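Enquirer: Following this line is start_7.cif, made up of mmCIF, C-alpha atoms:
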data_data
#
loop_
_atom_site.label_atom_id
_atom_site.label_comp_id
_atom_site.auth_asym_id
_atom_site.auth_seq_id
_atom_site.Cartn_x
_atom_site.Cartn_y
_atom_site.Cartn_z
CA ALA A 1 31.50 56.10 10.81
CA GLN A 2 27.76 56.29 10.46
CA SER A 3 25.50 54.86 13.12
CA VAL A 4 21.86 54.88 14.17
CA THR A 5 20.26 54.75 17.58
CA GLN A 6 16.71 53.61 18.17
CA LEU A 7 15.16 55.01 21.32
CA GLY A 8 12.95 52.52 23.08
CA SER A 9 13.42 48.80 22.61
CA HIS A 10 9.68 48.26 23.17
CA VAL A 11 6.75 50.48 22.23
CA SER A 12 3.13 49.67 23.02
CA VAL A 13 0.14 51.43 21.44
CA SER A 14 -3.57 50.81 21.26
CA GLU A 15 -5.18 49.83 17.99
CA GLY A 16 -6.07 53.01 16.11
CA ALA A 17 -3.51 55.15 17.94
CA LEU A 18 -0.55 56.96 16.41
CA VAL A 19 2.62 54.94 15.97
CA LEU A 20 5.92 56.77 16.52
CA LEU A 21 9.21 54.87 16.42
CA ARG A 22 12.32 56.95 16.98
CA CYS A 23 15.62 56.81 15.12
CA ASN A 24 18.53 59.21 15.41
CA TYR A 25 21.56 59.02 13.20
CA SER A 26 25.18 60.02 13.45
CA SER A 27 26.90 60.89 10.20
CA SER A 28 29.44 63.42 8.99
CA VAL A 29 27.99 63.35 5.49
CA PRO A 30 24.40 63.31 4.21
CA PRO A 31 23.14 59.89 5.26
CA TYR A 32 21.13 57.32 3.38
CA LEU A 33 18.60 55.92 5.83
CA PHE A 34 16.30 52.93 5.78
CA TRP A 35 13.48 51.44 7.85
CA TYR A 36 12.86 47.70 7.84
CA VAL A 37 10.17 45.57 9.49
CA GLN A 38 10.60 42.01 10.76
CA TYR A 39 7.75 39.67 11.64
CA PRO A 40 8.48 36.73 13.96
CA ASN A 41 10.87 34.16 12.50
CA GLN A 42 11.02 36.04 9.22
CA GLY A 43 13.59 38.06 7.33
CA LEU A 44 13.52 41.85 7.12
CA GLN A 45 11.30 43.71 4.66
CA LEU A 46 12.05 47.21 3.43
CA LEU A 47 9.45 49.76 4.56
CA LEU A 48 11.00 52.90 3.11
CA LYS A 49 14.27 54.68 2.43
CA TYR A 50 15.61 58.22 2.42
CA THR A 51 18.01 59.06 -0.40
CA SER A 52 17.88 62.91 -0.21
CA ALA A 53 15.18 63.37 -2.86
CA ALA A 54 12.49 64.42 -0.37
CA THR A 55 12.50 64.84 3.39
CA LEU A 56 9.11 63.15 3.86
CA VAL A 57 9.25 59.58 2.66
CA LYS A 58 6.18 57.40 2.25
CA GLY A 59 6.51 53.65 2.52
CA ILE A 60 4.41 50.55 2.45
CA ASN A 61 1.54 49.70 4.82
CA GLY A 62 0.79 53.37 5.54
CA PHE A 63 4.11 54.16 7.19
CA GLU A 64 6.10 57.30 6.56
CA ALA A 65 9.25 58.89 7.92
CA GLU A 66 10.55 62.44 7.97
CA PHE A 67 14.23 63.29 7.66
CA LYS A 68 15.14 66.20 9.97
CA LYS A 69 18.72 67.29 9.59
CA SER A 70 18.56 69.80 12.45
CA GLU A 71 17.50 67.01 14.83
CA THR A 72 19.54 64.23 13.14
CA SER A 73 16.37 62.17 13.19
CA PHE A 74 14.43 59.87 10.90
CA HIS A 75 11.41 58.83 12.97
CA LEU A 76 8.87 56.37 11.61
CA THR A 77 5.17 57.15 11.97
CA LYS A 78 1.77 55.74 11.11
CA PRO A 79 -1.46 57.63 11.90
CA SER A 80 -3.48 54.61 13.02
CA ALA A 81 -2.03 51.34 14.29
CA HIS A 82 -3.41 47.98 13.18
CA MET A 83 -2.96 44.69 14.98
CA SER A 84 -1.01 43.49 11.95
CA ASP A 85 1.63 46.18 12.59
CA ALA A 86 2.92 44.26 15.61
CA ALA A 87 6.51 43.42 14.67
CA GLU A 88 10.09 44.53 15.19
CA TYR A 89 11.29 47.60 13.35
CA PHE A 90 14.88 48.42 12.44
CA CYS A 91 16.41 51.71 11.38
CA ALA A 92 19.60 51.45 9.30
CA VAL A 93 22.19 53.72 7.68
CA LYS A 94 24.47 53.11 4.70
CA ASN A 95 28.18 53.82 5.08
CA ASN A 96 30.00 56.29 2.80
CA ALA A 97 31.28 53.59 0.47
CA GLY A 98 27.76 52.28 0.07
CA ASN A 99 28.75 48.70 0.72
CA MET A 100 27.41 48.21 4.22
CA LEU A 101 24.20 48.79 6.14
CA THR A 102 24.51 49.38 9.87
CA PHE A 103 21.38 48.60 11.88
CA GLY A 104 20.02 50.01 15.08
CA GLY A 105 19.09 47.71 17.93
CA GLY A 106 15.46 47.46 16.87
CA THR A 107 12.13 48.47 18.42
CA ARG A 108 9.46 45.91 19.12
CA LEU A 109 6.00 47.37 18.48
CA MET A 110 3.08 45.87 20.38
CA VAL A 111 -0.50 46.77 19.44
CA LYS A 112 -3.21 46.35 22.06
CA PRO A 113 -6.81 45.73 21.04
CA ASP B 1 9.34 35.37 -8.48
CA GLY B 2 12.86 36.37 -7.61
CA GLY B 3 14.11 36.19 -4.10
CA ILE B 4 16.56 34.79 -1.58
CA THR B 5 16.26 31.25 -0.28
CA GLN B 6 17.87 30.24 2.98
CA SER B 7 18.00 26.64 4.07
CA PRO B 8 17.39 24.93 6.34
CA LYS B 9 14.93 27.02 8.36
CA TYR B 10 15.97 25.27 11.58
CA LEU B 11 19.32 23.64 12.25
CA PHE B 12 20.67 21.84 15.26
CA ARG B 13 24.38 21.39 15.86
CA LYS B 14 26.30 19.37 18.35
CA GLU B 15 29.20 21.08 20.06
CA GLY B 16 32.41 20.67 18.08
CA GLN B 17 30.68 20.28 14.72
CA ASN B 18 30.90 22.53 11.70
CA VAL B 19 27.63 23.35 9.95
CA THR B 20 26.93 25.12 6.66
CA LEU B 21 23.99 27.44 6.08
CA SER B 22 22.82 27.82 2.51
CA CYS B 23 21.89 31.11 0.83
CA GLU B 24 20.82 31.27 -2.82
CA GLN B 25 19.45 34.26 -4.75
CA ASN B 26 17.96 34.55 -8.23
CA LEU B 27 17.80 38.34 -8.27
CA ASN B 28 21.04 38.73 -10.22
CA HIS B 29 22.36 40.82 -7.36
CA ASP B 30 26.09 41.44 -7.15
CA ALA B 31 26.48 41.86 -3.41
CA MET B 32 25.57 39.38 -0.67
CA TYR B 33 25.72 39.59 3.11
CA TRP B 34 25.44 37.45 6.24
CA TYR B 35 24.08 38.86 9.49
CA ARG B 36 23.66 37.36 12.91
CA GLN B 37 20.69 38.37 15.04
CA ASP B 38 20.52 37.90 18.79
CA PRO B 39 17.65 39.10 21.00
CA GLY B 40 18.03 42.78 21.88
CA GLN B 41 21.22 43.19 19.83
CA GLY B 42 19.91 44.00 16.39
CA LEU B 43 21.81 42.66 13.39
CA ARG B 44 25.55 42.27 13.29
CA LEU B 45 27.48 41.79 10.06
CA ILE B 46 29.50 38.57 9.75
CA TYR B 47 30.78 38.63 6.15
CA TYR B 48 29.93 40.30 2.89
CA SER B 49 30.82 39.80 -0.76
CA GLN B 50 30.62 42.38 -3.51
CA ILE B 51 31.69 40.14 -6.39
CA VAL B 52 32.32 36.47 -7.10
CA ASN B 53 35.47 35.02 -5.54
CA ASP B 54 35.84 37.98 -3.19
CA PHE B 55 34.54 38.56 0.32
CA GLN B 56 35.29 40.74 3.33
CA LYS B 57 35.04 40.27 7.07
CA GLY B 58 32.35 42.12 8.95
CA ASP B 59 32.24 43.01 12.62
CA ILE B 60 31.99 39.47 14.02
CA ALA B 61 33.75 37.16 11.52
CA GLU B 62 35.65 35.04 14.07
CA GLY B 63 34.49 31.43 14.00
CA TYR B 64 32.78 31.78 10.62
CA SER B 65 33.85 31.20 7.01
CA VAL B 66 32.25 31.86 3.63
CA SER B 67 32.78 31.25 -0.05
CA ARG B 68 31.46 32.96 -3.16
CA GLU B 69 32.15 30.67 -6.11
CA LYS B 70 28.95 31.59 -7.92
CA LYS B 71 27.06 34.86 -8.11
CA GLU B 72 23.87 33.20 -6.88
CA SER B 73 25.30 31.44 -3.84
CA PHE B 74 26.95 32.60 -0.60
CA PRO B 75 27.11 29.75 1.95
CA LEU B 76 28.14 30.39 5.54
CA THR B 77 30.01 27.81 7.60
CA VAL B 78 29.77 28.04 11.36
CA THR B 79 32.91 26.35 12.65
CA SER B 80 33.63 24.75 16.00
CA ALA B 81 35.70 27.83 16.81
CA GLN B 82 32.50 29.87 17.17
CA LYS B 83 31.85 29.54 20.90
CA ASN B 84 28.29 30.80 21.00
CA PRO B 85 26.69 29.96 17.66
CA THR B 86 23.07 29.75 18.78
CA ALA B 87 21.36 32.61 16.93
CA PHE B 88 19.16 33.59 14.01
CA TYR B 89 21.17 33.99 10.79
CA LEU B 90 20.02 36.22 7.97
CA CYS B 91 21.34 36.37 4.44
CA ALA B 92 20.76 39.44 2.27
CA SER B 93 21.62 40.65 -1.19
CA SER B 94 21.85 44.00 -2.93
CA ARG B 95 21.85 45.00 -6.58
CA GLY B 96 25.03 46.91 -6.05
CA THR B 97 27.04 48.80 -3.52
CA GLY B 98 25.69 52.26 -4.21
CA VAL B 99 24.44 54.18 -1.21
CA ALA B 100 20.82 54.16 -2.35
CA TYR B 101 20.53 50.41 -2.69
CA GLY B 102 18.66 48.61 0.05
CA TYR B 103 18.91 44.94 0.87
CA THR B 104 16.62 42.01 0.11
CA PHE B 105 16.58 39.49 2.94
CA GLY B 106 16.01 35.78 3.12
CA SER B 107 13.70 34.31 5.75
CA GLY B 108 16.55 33.20 8.00
CA THR B 109 18.00 30.07 9.57
CA ARG B 110 17.69 29.47 13.29
CA LEU B 111 20.74 27.59 14.55
CA THR B 112 20.69 25.89 17.93
CA VAL B 113 23.57 24.10 19.62
CA VAL B 114 22.46 20.98 21.47
#
I need this file expressed as C-alpha coordinates, please.
Expert:
Amino acid sequence: AQSVTQLGSHVSVSEGALVLLRCNYSSSVPPYLFWYVQYPNQGLQLLLKYTSAATLVKGINGFEAEFKKSETSFHLTKPSAHMSDAAEYFCAVKNNAGNMLTFGGGTRLMVKP
Amino acid sequence: DGGITQSPKYLFRKEGQNVTLSCEQNLNHDAMYWYRQDPGQGLRLIYYSQIVNDFQKGDIAEGYSVSREKKESFPLTVTSAQKNPTAFYLCASSRGTGVAYGYTFGSGTRLTVV
(Lines of atoms letter the chains of each structure in order from A and count residues from 1; the text may use other names and numbers.)
(Lines give C-alpha, C1' and ligand atoms only; values in the text may rest on other atoms or scores of the structure.)
Protein backbone atom coordinates (compact mmCIF):
# COMPACT_ATOMS: atom_id res chain seq x y z
CA ALA A 1 0.00 0.00 0.00
CA GLN A 2 1.19 3.49 -0.76
CA SER A 3 1.96 5.92 2.03
CA VAL A 4 3.62 9.27 2.59
CA THR A 5 5.61 10.60 5.51
CA GLN A 6 6.08 14.28 6.20
CA LEU A 7 9.19 15.07 8.19
CA GLY A 8 8.66 17.86 10.68
CA SER A 9 5.21 18.66 12.01
CA HIS A 10 6.22 22.32 12.39
CA VAL A 11 8.55 24.42 10.26
CA SER A 12 9.40 28.04 10.98
CA VAL A 13 11.07 30.39 8.48
CA SER A 14 11.67 34.11 8.25
CA GLU A 15 9.85 36.16 5.65
CA GLY A 16 11.89 36.09 2.44
CA ALA A 17 13.69 32.85 3.33
CA LEU A 18 13.53 29.57 1.43
CA VAL A 19 10.65 27.27 2.28
CA LEU A 20 11.37 23.53 2.25
CA LEU A 21 8.70 21.05 3.35
CA ARG A 22 9.68 17.40 3.20
CA CYS A 23 7.65 14.46 1.94
CA ASN A 24 8.84 10.91 1.38
CA TYR A 25 6.69 8.26 -0.20
CA SER A 26 6.48 4.51 -0.08
CA SER A 27 5.14 2.82 -3.18
CA SER A 28 5.86 -0.33 -5.16
CA VAL A 29 4.64 1.30 -8.36
CA PRO A 30 5.16 4.78 -9.82
CA PRO A 31 3.22 7.02 -7.45
CA TYR A 32 0.87 9.88 -8.13
CA LEU A 33 1.65 12.56 -5.57
CA PHE A 34 -0.10 15.70 -4.47
CA TRP A 35 0.52 18.71 -2.23
CA TYR A 36 -2.37 20.52 -0.58
CA VAL A 37 -2.51 23.65 1.58
CA GLN A 38 -5.00 24.32 4.38
CA TYR A 39 -5.61 27.71 5.96
CA PRO A 40 -7.20 27.83 9.43
CA ASN A 41 -10.76 26.52 9.55
CA GLN A 42 -10.79 25.98 5.80
CA GLY A 43 -10.81 23.02 3.46
CA LEU A 44 -7.76 21.86 1.53
CA GLN A 45 -6.65 23.51 -1.71
CA LEU A 46 -4.57 21.73 -4.34
CA LEU A 47 -1.10 23.27 -4.76
CA LEU A 48 0.32 20.88 -7.33
CA LYS A 49 0.43 17.26 -8.42
CA TYR A 50 2.92 14.84 -9.93
CA THR A 51 1.55 12.50 -12.57
CA SER A 52 4.86 11.34 -14.18
CA ALA A 53 4.87 13.92 -16.99
CA ALA A 54 7.75 15.94 -15.54
CA THR A 55 9.84 15.55 -12.41
CA LEU A 56 9.74 19.26 -11.54
CA VAL A 57 6.19 20.38 -10.96
CA LYS A 58 5.18 24.01 -10.62
CA GLY A 59 2.11 24.92 -8.63
CA ILE A 60 0.18 27.91 -7.47
CA ASN A 61 1.49 30.73 -5.27
CA GLY A 62 5.09 30.20 -6.39
CA PHE A 63 5.45 26.70 -4.97
CA GLU A 64 7.12 23.84 -6.77
CA ALA A 65 8.06 20.26 -5.99
CA GLU A 66 10.60 17.87 -7.45
CA PHE A 67 9.99 14.14 -7.76
CA LYS A 68 13.17 12.19 -6.96
CA LYS A 69 12.76 8.47 -7.45
CA SER A 70 16.21 7.62 -6.08
CA GLU A 71 15.35 9.37 -2.81
CA THR A 72 11.61 8.47 -2.83
CA SER A 73 10.94 12.13 -2.15
CA PHE A 74 8.60 14.86 -3.31
CA HIS A 75 9.66 17.91 -1.29
CA LEU A 76 7.81 21.20 -1.62
CA THR A 77 9.80 24.41 -2.02
CA LYS A 78 9.33 28.13 -2.46
CA PRO A 79 12.28 30.50 -2.94
CA SER A 80 10.96 33.32 -0.76
CA ALA A 81 8.38 32.94 2.00
CA HIS A 82 5.53 35.42 2.42
CA MET A 83 3.51 35.95 5.57
CA SER A 84 0.48 34.70 3.63
CA ASP A 85 2.16 31.29 3.22
CA ALA A 86 1.56 30.50 6.89
CA ALA A 87 -0.72 27.46 6.79
CA GLU A 88 -0.70 23.68 7.10
CA TYR A 89 0.60 21.67 4.17
CA PHE A 90 -0.29 18.08 3.34
CA CYS A 91 1.44 15.63 1.05
CA ALA A 92 -0.74 12.84 -0.36
CA VAL A 93 -0.45 9.76 -2.58
CA LYS A 94 -3.07 8.01 -4.71
CA ASN A 95 -3.49 4.26 -4.34
CA ASN A 96 -3.09 1.89 -7.31
CA ALA A 97 -6.80 1.71 -8.00
CA GLY A 98 -6.95 5.49 -8.10
CA ASN A 99 -9.92 5.68 -5.79
CA MET A 100 -8.27 6.87 -2.60
CA LEU A 101 -5.88 9.59 -1.48
CA THR A 102 -3.76 8.85 1.57
CA PHE A 103 -2.48 11.93 3.40
CA GLY A 104 0.61 12.54 5.45
CA GLY A 105 0.33 13.98 8.93
CA GLY A 106 0.79 17.55 7.76
CA THR A 107 3.41 20.26 8.34
CA ARG A 108 2.47 23.57 9.86
CA LEU A 109 4.48 26.39 8.30
CA MET A 110 5.06 29.51 10.38
CA VAL A 111 6.50 32.65 8.79
CA LYS A 112 8.23 35.18 11.03
CA PRO A 113 8.40 38.84 10.07
CA ASP B 1 -19.02 28.95 -9.69
CA GLY B 2 -18.91 25.24 -9.04
CA GLY B 3 -17.82 23.89 -5.73
CA ILE B 4 -18.60 21.88 -2.63
CA THR B 5 -20.82 23.23 0.11
CA GLN B 6 -20.65 21.82 3.61
CA SER B 7 -23.17 22.81 6.24
CA PRO B 8 -23.33 23.79 8.97
CA LYS B 9 -19.88 25.29 9.56
CA TYR B 10 -20.16 24.68 13.31
CA LEU B 11 -22.27 22.01 14.97
CA PHE B 12 -22.80 21.12 18.58
CA ARG B 13 -24.07 17.74 19.68
CA LYS B 14 -25.20 16.42 22.99
CA GLU B 15 -23.92 13.01 24.00
CA GLY B 16 -26.20 10.26 22.75
CA GLN B 17 -27.53 12.23 19.79
CA ASN B 18 -27.14 11.49 16.12
CA VAL B 19 -26.23 14.41 13.88
CA THR B 20 -26.06 14.72 10.09
CA LEU B 21 -23.48 16.77 8.23
CA SER B 22 -24.45 17.98 4.79
CA CYS B 23 -22.22 17.90 1.70
CA GLU B 24 -23.43 19.09 -1.69
CA GLN B 25 -21.42 19.54 -4.90
CA ASN B 26 -22.32 21.08 -8.25
CA LEU B 27 -19.16 19.98 -10.05
CA ASN B 28 -20.78 16.93 -11.63
CA HIS B 29 -18.14 14.81 -9.93
CA ASP B 30 -18.73 11.08 -9.67
CA ALA B 31 -16.76 10.33 -6.52
CA MET B 32 -17.25 11.82 -3.05
CA TYR B 33 -15.38 11.36 0.21
CA TRP B 34 -15.60 12.12 3.92
CA TYR B 35 -12.50 12.72 6.02
CA ARG B 36 -12.02 13.39 9.68
CA GLN B 37 -9.24 15.72 10.82
CA ASP B 38 -7.83 15.78 14.33
CA PRO B 39 -4.90 17.95 15.45
CA GLY B 40 -1.58 16.33 14.57
CA GLN B 41 -3.20 13.32 12.88
CA GLY B 42 -3.72 14.52 9.35
CA LEU B 43 -6.82 13.37 7.50
CA ARG B 44 -8.38 9.97 7.95
CA LEU B 45 -10.89 8.52 5.50
CA ILE B 46 -14.34 7.69 6.90
CA TYR B 47 -16.37 6.70 3.82
CA TYR B 48 -16.23 7.17 0.09
CA SER B 49 -18.62 6.74 -2.81
CA GLN B 50 -17.71 6.26 -6.45
CA ILE B 51 -21.24 6.18 -7.86
CA VAL B 52 -24.79 6.83 -6.74
CA ASN B 53 -26.27 4.23 -4.40
CA ASP B 54 -22.86 2.76 -3.64
CA PHE B 55 -20.34 3.57 -0.93
CA GLN B 56 -17.38 1.94 0.80
CA LYS B 57 -15.95 2.09 4.30
CA GLY B 58 -12.69 3.90 4.85
CA ASP B 59 -10.22 3.47 7.67
CA ILE B 60 -12.41 4.77 10.50
CA ALA B 61 -16.04 4.02 9.53
CA GLU B 62 -17.21 2.76 12.93
CA GLY B 63 -19.86 5.04 14.41
CA TYR B 64 -20.60 6.76 11.11
CA SER B 65 -23.09 6.18 8.29
CA VAL B 66 -23.60 7.69 4.85
CA SER B 67 -25.99 7.64 1.92
CA ARG B 68 -25.59 8.53 -1.74
CA GLU B 69 -29.08 8.82 -3.22
CA LYS B 70 -28.13 11.66 -5.56
CA LYS B 71 -24.92 12.39 -7.41
CA GLU B 72 -24.70 15.86 -5.87
CA SER B 73 -25.20 14.88 -2.24
CA PHE B 74 -23.26 12.73 0.25
CA PRO B 75 -24.49 13.34 3.82
CA LEU B 76 -22.62 11.93 6.80
CA THR B 77 -24.40 10.87 9.99
CA VAL B 78 -22.38 10.77 13.18
CA THR B 79 -24.18 8.28 15.41
CA SER B 80 -24.18 7.91 19.16
CA ALA B 81 -21.92 4.89 18.67
CA GLN B 82 -19.05 7.22 17.75
CA LYS B 83 -17.38 7.69 21.12
CA ASN B 84 -15.16 10.63 20.28
CA PRO B 85 -16.89 12.63 17.57
CA THR B 86 -15.39 16.04 18.30
CA ALA B 87 -13.34 16.84 15.19
CA PHE B 88 -13.19 18.79 11.95
CA TYR B 89 -14.99 16.97 9.12
CA LEU B 90 -14.08 17.51 5.49
CA CYS B 91 -16.02 16.46 2.43
CA ALA B 92 -14.31 16.14 -0.95
CA SER B 93 -15.19 15.16 -4.48
CA SER B 94 -13.30 13.97 -7.53
CA ARG B 95 -14.17 13.88 -11.21
CA GLY B 96 -13.36 10.22 -11.31
CA THR B 97 -11.26 7.54 -9.75
CA GLY B 98 -8.29 7.73 -12.07
CA VAL B 99 -4.91 8.08 -10.43
CA ALA B 100 -4.30 11.58 -11.78
CA TYR B 101 -7.47 13.10 -10.38
CA GLY B 102 -7.09 15.27 -7.32
CA TYR B 103 -9.82 16.18 -4.89
CA THR B 104 -11.86 19.34 -4.44
CA PHE B 105 -12.62 20.02 -0.79
CA GLY B 106 -15.42 21.76 1.02
CA SER B 107 -14.68 24.24 3.79
CA GLY B 108 -15.46 21.77 6.56
CA THR B 109 -17.79 21.32 9.52
CA ARG B 110 -16.45 21.56 13.06
CA LEU B 111 -18.39 19.22 15.33
CA THR B 112 -18.21 19.60 19.09
CA VAL B 113 -19.83 17.36 21.68
CA VAL B 114 -21.20 19.31 24.64
Enquirer: Output as a PyMOL selection string the set of chain B residues within 10 Å of chain A, with distances taken over all atoms listed in the file.
Expert: chain B and resi 4+6+9+31-33+37-45+48-50+58+88-92+94+96-110
Enquirer: Can I get the selected residues back with C-alpha atoms, as a PDB file, in the coordinates of the input?
Expert:
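The result, stored in again_15.pdb:
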ATOM      1  CA  ILE B   4      16.560  34.790  -1.580  1.00  0.00           C
ATOM      2  CA  GLN B   6      17.870  30.240   2.980  1.00  0.00           C
ATOM      3  CA  LYS B   9      14.930  27.020   8.360  1.00  0.00           C
ATOM      4  CA  ALA B  31      26.480  41.860  -3.410  1.00  0.00           C
ATOM      5  CA  MET B  32      25.570  39.380  -0.670  1.00  0.00           C
ATOM      6  CA  TYR B  33      25.720  39.590   3.110  1.00  0.00           C
ATOM      7  CA  GLN B  37      20.690  38.370  15.040  1.00  0.00           C
ATOM      8  CA  ASP B  38      20.520  37.900  18.790  1.00  0.00           C
ATOM      9  CA  PRO B  39      17.650  39.100  21.000  1.00  0.00           C
ATOM     10  CA  GLY B  40      18.030  42.780  21.880  1.00  0.00           C
ATOM     11  CA  GLN B  41      21.220  43.190  19.830  1.00  0.00           C
ATOM     12  CA  GLY B  42      19.910  44.000  16.390  1.00  0.00           C
ATOM     13  CA  LEU B  43      21.810  42.660  13.390  1.00  0.00           C
ATOM     14  CA  ARG B  44      25.550  42.270  13.290  1.00  0.00           C
ATOM     15  CA  LEU B  45      27.480  41.790  10.060  1.00  0.00           C
ATOM     16  CA  TYR B  48      29.930  40.300   2.890  1.00  0.00           C
ATOM     17  CA  SER B  49      30.820  39.800  -0.760  1.00  0.00           C
ATOM     18  CA  GLN B  50      30.620  42.380  -3.510  1.00  0.00           C
ATOM     19  CA  GLY B  58      32.350  42.120   8.950  1.00  0.00           C
ATOM     20  CA  PHE B  88      19.160  33.590  14.010  1.00  0.00           C
ATOM     21  CA  TYR B  89      21.170  33.990  10.790  1.00  0.00           C
ATOM     22  CA  LEU B  90      20.020  36.220   7.970  1.00  0.00           C
ATOM     23  CA  CYS B  91      21.340  36.370   4.440  1.00  0.00           C
ATOM     24  CA  ALA B  92      20.760  39.440   2.270  1.00  0.00           C
ATOM     25  CA  SER B  94      21.850  44.000  -2.930  1.00  0.00           C
ATOM     26  CA  GLY B  96      25.030  46.910  -6.050  1.00  0.00           C
ATOM     27  CA  THR B  97      27.040  48.800  -3.520  1.00  0.00           C
ATOM     28  CA  GLY B  98      25.690  52.260  -4.210  1.00  0.00           C
ATOM     29  CA  VAL B  99      24.440  54.180  -1.210  1.00  0.00           C
ATOM     30  CA  ALA B 100      20.820  54.160  -2.350  1.00  0.00           C
ATOM     31  CA  TYR B 101      20.530  50.410  -2.690  1.00  0.00           C
ATOM     32  CA  GLY B 102      18.660  48.610   0.050  1.00  0.00           C
ATOM     33  CA  TYR B 103      18.910  44.940   0.870  1.00  0.00           C
ATOM     34  CA  THR B 104      16.620  42.010   0.110  1.00  0.00           C
ATOM     35  CA  PHE B 105      16.580  39.490   2.940  1.00  0.00           C
ATOM     36  CA  GLY B 106      16.010  35.780   3.120  1.00  0.00           C
ATOM     37  CA  SER B 107      13.700  34.310   5.750  1.00  0.00           C
ATOM     38  CA  GLY B 108      16.550  33.200   8.000  1.00  0.00           C
ATOM     39  CA  THR B 109      18.000  30.070   9.570  1.00  0.00           C
ATOM     40  CA  ARG B 110      17.690  29.470  13.290  1.00  0.00           C
TER      41      ARG B 110
END
Enquirer: Need the shell around Thr77 in chain A: protein/DNA/RNA residues with any atom at most 12 Å away, counting only C-alpha atoms. Skip same-chain ones fewer than 3 positions apart. Format as a PyMOL selection string?
Expert: chain A and resi 17-23+35+47-48+56-67+74+80-81+85+89+109
Enquirer: Hey, can you spit out that residue selection with C-alpha atoms as a PDB file, in the frame of the given file?
Expert:
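Saved to out.pdb:
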ATOM      1  CA  ALA A  17      -3.510  55.150  17.940  1.00  0.00           C
ATOM      2  CA  LEU A  18      -0.550  56.960  16.410  1.00  0.00           C
ATOM      3  CA  VAL A  19       2.620  54.940  15.970  1.00  0.00           C
ATOM      4  CA  LEU A  20       5.920  56.770  16.520  1.00  0.00           C
ATOM      5  CA  LEU A  21       9.210  54.870  16.420  1.00  0.00           C
ATOM      6  CA  ARG A  22      12.320  56.950  16.980  1.00  0.00           C
ATOM      7  CA  CYS A  23      15.620  56.810  15.120  1.00  0.00           C
ATOM      8  CA  TRP A  35      13.480  51.440   7.850  1.00  0.00           C
ATOM      9  CA  LEU A  47       9.450  49.760   4.560  1.00  0.00           C
ATOM     10  CA  LEU A  48      11.000  52.900   3.110  1.00  0.00           C
ATOM     11  CA  LEU A  56       9.110  63.150   3.860  1.00  0.00           C
ATOM     12  CA  VAL A  57       9.250  59.580   2.660  1.00  0.00           C
ATOM     13  CA  LYS A  58       6.180  57.400   2.250  1.00  0.00           C
ATOM     14  CA  GLY A  59       6.510  53.650   2.520  1.00  0.00           C
ATOM     15  CA  ILE A  60       4.410  50.550   2.450  1.00  0.00           C
ATOM     16  CA  ASN A  61       1.540  49.700   4.820  1.00  0.00           C
ATOM     17  CA  GLY A  62       0.790  53.370   5.540  1.00  0.00           C
ATOM     18  CA  PHE A  63       4.110  54.160   7.190  1.00  0.00           C
ATOM     19  CA  GLU A  64       6.100  57.300   6.560  1.00  0.00           C
ATOM     20  CA  ALA A  65       9.250  58.890   7.920  1.00  0.00           C
ATOM     21  CA  GLU A  66      10.550  62.440   7.970  1.00  0.00           C
ATOM     22  CA  PHE A  67      14.230  63.290   7.660  1.00  0.00           C
ATOM     23  CA  PHE A  74      14.430  59.870  10.900  1.00  0.00           C
ATOM     24  CA  SER A  80      -3.480  54.610  13.020  1.00  0.00           C
ATOM     25  CA  ALA A  81      -2.030  51.340  14.290  1.00  0.00           C
ATOM     26  CA  ASP A  85       1.630  46.180  12.590  1.00  0.00           C
ATOM     27  CA  TYR A  89      11.290  47.600  13.350  1.00  0.00           C
ATOM     28  CA  LEU A 109       6.000  47.370  18.480  1.00  0.00           C
TER      29      LEU A 109
END
Enquirer: Expand the PyMOL selection byres ((chain A and resi 1) around 9) into the individual residues it matches in the shown file, reporting them as a list in words.
Expert: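 With the shown file as input, the PyMOL selection byres ((chain A and resi 1) around 9) matches Gln2, Ser3, Ser26, Ser27, Ser28, Asn95 and Asn96 of chain A.
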Enquirer: Report, in Å with one decimal, the straight-line distance from CA of Phe74 in chain B to CA of Val114 in chain B.
Expert: 25.3 Å
Enquirer: Evaluating the PyMOL selection byres ((chain B and resi 76) around 9) on the displayed file yields which residues, as an mmCIF file with C-alpha atoms, in the coordinates of the input?
Expert:
data_model
loop_
_atom_site.group_PDB
_atom_site.id
_atom_site.type_symbol
_atom_site.label_atom_id
_atom_site.label_comp_id
_atom_site.auth_asym_id
_atom_site.auth_seq_id
_atom_site.Cartn_x
_atom_site.Cartn_y
_atom_site.Cartn_z
ATOM 1 C CA VAL B 19 27.630 23.350 9.950
ATOM 2 C CA THR B 20 26.930 25.120 6.660
ATOM 3 C CA LEU B 21 23.990 27.440 6.080
ATOM 4 C CA SER B 22 22.820 27.820 2.510
ATOM 5 C CA CYS B 23 21.890 31.110 0.830
ATOM 6 C CA TRP B 34 25.440 37.450 6.240
ATOM 7 C CA TYR B 47 30.780 38.630 6.150
ATOM 8 C CA TYR B 64 32.780 31.780 10.620
ATOM 9 C CA SER B 65 33.850 31.200 7.010
ATOM 10 C CA VAL B 66 32.250 31.860 3.630
ATOM 11 C CA SER B 67 32.780 31.250 -0.050
ATOM 12 C CA PHE B 74 26.950 32.600 -0.600
ATOM 13 C CA PRO B 75 27.110 29.750 1.950
ATOM 14 C CA THR B 77 30.010 27.810 7.600
ATOM 15 C CA VAL B 78 29.770 28.040 11.360
#
Enquirer: Could you jot down the CA of Leu7 in chain A to CA of Asn24 in chain A separation for me, Å, one decimal place?
Expert: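 Rounded to one decimal, the two atoms are 8.0 Å apart.
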Enquirer: I need the residue set behind the PyMOL selection byres ((chain B and resi 16) around 12) for this file; please write it as a list in words.
Expert: Arg13, Lys14, Glu15, Gln17, Asn18, Val19, Gly63, Val78, Thr79, Ser80, Ala81, Gln82, Lys83, Asn84, Pro85, Val113 and Val114 of chain B
Enquirer: Might you pull out every residue within 9 Å of Val52 in chain B, with all atoms listed in the file counted and same-chain residues fewer than 6 positions away left off, and present them as an MDAnalysis selection string?
Expert: chainID B and resid 30:31 67:71
Enquirer: For the atom pair CA of Val4 in chain A and CA of His75 in chain A, what is the interatomic distance in Å to one decimal place?
Expert: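 Pair CA of Val4 in chain A / CA of His75 in chain A returns 11.2 Å.
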Enquirer: For His10 in chain A, which of A:Pro79, A:Ala86, A:Val37, A:Pro113 is the closest residue, counting only C-alpha atoms?
Expert: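 Distance minimum relative to His10 in chain A lands on A:Ala86.
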Enquirer: Give the answer as one residue: which of B:Asn53, B:Ser73, B:Asn28, B:Ser93 has the shortest atom-to-atom distance to Ser7 in chain B, using all atoms listed in the file?
Expert: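 Nearest to Ser7 in chain B: B:Ser73.
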Enquirer: Specify the axis-aligned box that encloses all atoms of range 6-9 of chain B listed in the file after padding of 4 Å on each side, stating its centre and edge lengths in Å to one decimal as lines of an AutoDock Vina configuration file.
Expert:
center_x = 16.5
center_y = 27.6
center_z = 5.7
size_x = 11.1
size_y = 13.3
size_z = 13.4
